[in-house]
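Peer 1: Take a look at the following structure, please.
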Amino acid sequence: MIKITQPKSYKVINYVLRNRQFTQLEIAKKTRVSKGMVSYVVKWLIEKEYVEKKDKKYNLVLAAALIALFPLYRNMEKNLLGSFSVSAEPKKVMKELKKRKVVFCTTTALQQYSSYFQDISINFYSGDKRLLQDLKAEPKGLTKVNVYKPDLALKADTVKKGKMLLTNKVRTVIDLFCNKQAYTAKDLIQNEFGEKIG
């Protein structure tokens with residue numbers, strides 16, 4: 001079995017999830033992963049029936065099942081740097097966090113892509129130690145803020161929406177599965193991959 005969270009494996013699988021139809025040469029060129037490693041990962045994806053070969057191209061056929069493997073190797077709780085309850089209103093907290101260029105994730109990113117699920121907590125990636133200190137110093141209140149340590153290929157998985165940085169759709173779904181919130185990604189999975197989940 002391939003450890004799908006290892007950097008090279010993740011680059012290949014992430015490319016497959018984002019593009020859905022591909023060639024091995026395309027993946028090698030775009031990800032700068034060796035042809036041998038790309039071939040190894042794609043062969044594994046075919047053996048496990050996540051991908052099928054049609055003519056000279058490969059097609060992703062079981063996106064949700066492939067994404068469901070990520071929690072076997074990755075747990076968002078282990079990446080949690082801190083969870084805070086602050087007194088500032090959510091809009092004010094969001095405005096300040098946008099200035100600090102955090103990358104919003106999990107349900108906070110999901111709300112930018114889907115109206116299926118609403119969450120009052122604010123979730124984001126940041127390695128800024130000063131930001132953690134500032135959040136600790138905030139008076140306690142009802143706005144819940146969760147800070148996660150950046151991992152995988154976060155920079156490559158980040159998009160900009162207005163003044164907001166957030167995880168792209170594929171990474172958002174991966175994060176939700178790894179955070180035991182797969183049920184919240186139902187609409188996004190259907191819109192992105194044409195697949196229905198429970």
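Each chain in the structure tokens gets a letter, A, B, ..., in the order shown, and its residues are numbered from 1; ligands are numbered from 1 in order too.
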Out of stretch 96-174 of chain A, which residues get strand (DSSP E or B) from DSSP, as a ChimeraX atom specification?

Peer 2: /A:103-104,122-125,140,143-148,158-161,164-167

Peer 1: Name all residues at most 12 Å from A:Gln181 (count only C-alpha atoms; drop same-chain ones fewer than 2 positions away) and give them as a PyMOL selection string.

Peer 2: chain A and resi 68+71+75-77+106-107+110+117+119+172-179+183-186

Peer 1: Give the helix (DSSP H, G or I) residues of stretch 123-189 of chain A, as DSSP finds them on the backbone, and put them as a ChimeraX atom specification.

Peer 2: /A:129-137,169-178,182-189

Peer 1: Take the residues that were just selected and, keeping C-alpha atoms, output them as a PDB file, in the first residue's frame.

Peer 2:
ATOM      1  CA  LYS A 129       3.566  31.748  16.859  1.00  0.00           C
ATOM      2  CA  ARG A 130       2.745  35.369  17.548  1.00  0.00           C
ATOM      3  CA  LEU A 131      -0.798  34.841  16.298  1.00  0.00           C
ATOM      4  CA  LEU A 132      -1.186  31.945  18.747  1.00  0.00           C
ATOM      5  CA  GLN A 133       0.027  34.192  21.581  1.00  0.00           C
ATOM      6  CA  ASP A 134      -2.409  36.915  20.531  1.00  0.00           C
ATOM      7  CA  LEU A 135      -5.305  34.441  20.513  1.00  0.00           C
ATOM      8  CA  LYS A 136      -4.314  33.140  23.967  1.00  0.00           C
ATOM      9  CA  ALA A 137      -4.302  36.719  25.282  1.00  0.00           C
ATOM     10  CA  LYS A 169     -11.935  22.355  -3.149  1.00  0.00           C
ATOM     11  CA  VAL A 170     -10.007  19.062  -3.247  1.00  0.00           C
ATOM     12  CA  ARG A 171      -7.885  19.936  -0.198  1.00  0.00           C
ATOM     13  CA  THR A 172     -10.994  21.125   1.642  1.00  0.00           C
ATOM     14  CA  VAL A 173     -12.646  17.731   1.100  1.00  0.00           C
ATOM     15  CA  ILE A 174      -9.455  15.923   2.191  1.00  0.00           C
ATOM     16  CA  ASP A 175      -9.266  18.061   5.346  1.00  0.00           C
ATOM     17  CA  LEU A 176     -12.917  17.423   6.172  1.00  0.00           C
ATOM     18  CA  PHE A 177     -12.449  13.657   5.848  1.00  0.00           C
ATOM     19  CA  CYS A 178      -9.337  13.871   8.071  1.00  0.00           C
ATOM     20  CA  ALA A 182     -16.904  13.871   5.702  1.00  0.00           C
ATOM     21  CA  TYR A 183     -20.693  14.277   5.994  1.00  0.00           C
ATOM     22  CA  THR A 184     -20.317  18.056   5.577  1.00  0.00           C
ATOM     23  CA  ALA A 185     -18.653  17.647   2.162  1.00  0.00           C
ATOM     24  CA  LYS A 186     -21.619  15.852   0.592  1.00  0.00           C
ATOM     25  CA  ASP A 187     -22.604  18.654  -1.836  1.00  0.00           C
ATOM     26  CA  LEU A 188     -19.025  19.567  -2.672  1.00  0.00           C
ATOM     27  CA  ILE A 189     -18.164  15.949  -3.546  1.00  0.00           C
TER      28      ILE A 189
END

Peer 1: Pick out the residues sitting within 8 Å of A:Ser9, and hand them over as a PyMOL selection string; count only C-alpha atoms, and ignore anything fewer than 4 positions along from it in its own chain.

Peer 2: chain A and resi 2-5+13+37-38+41

Peer 1: Take the residues that were just selected and, keeping C-alpha atoms, output them as a PDB file, in the first residue's frame.

Peer 2:
ATOM      1  CA  ILE A   2       1.199   3.480  -0.796  1.00  0.00           C
ATOM      2  CA  LYS A   3       1.351   6.032   1.998  1.00  0.00           C
ATOM      3  CA  ILE A   4      -0.674   8.701   0.236  1.00  0.00           C
ATOM      4  CA  THR A   5       0.459  11.507   2.551  1.00  0.00           C
ATOM      5  CA  ILE A  13      -2.744  11.745  -6.045  1.00  0.00           C
ATOM      6  CA  MET A  37       7.279   7.241  -9.059  1.00  0.00           C
ATOM      7  CA  VAL A  38       4.296   8.483 -11.095  1.00  0.00           C
ATOM      8  CA  VAL A  41       1.425   5.407  -7.888  1.00  0.00           C
TER       9      VAL A  41
END

Peer 1: So, counting only C-alpha atoms, which residue among A:Lys99, A:Lys140, A:Asp157, A:Ser83 is closest to A:Asn123?

Peer 2: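 Smallest distance to A:Asn123 is found for A:Ser83.
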
Peer 1: Of the candidates A:Met94, A:Tyr15, A:Ser87, A:Lys161, which shows the shortest atom-to-atom distance to A:Glu138, using only C-alpha atoms?

Peer 2: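 Going through A:Met94, A:Tyr15, A:Ser87, A:Lys161 one by one, the smallest distance to A:Glu138 is for A:Ser87.
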
Peer 1: Identify which of the residues A:Lys163, A:Lys43, A:Arg18, A:Lys48 lies closest to A:Val102, counting only C-alpha atoms when measuring atom-to-atom distances.

Peer 2: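 For A:Val102, the nearest of the given residues is A:Lys163.
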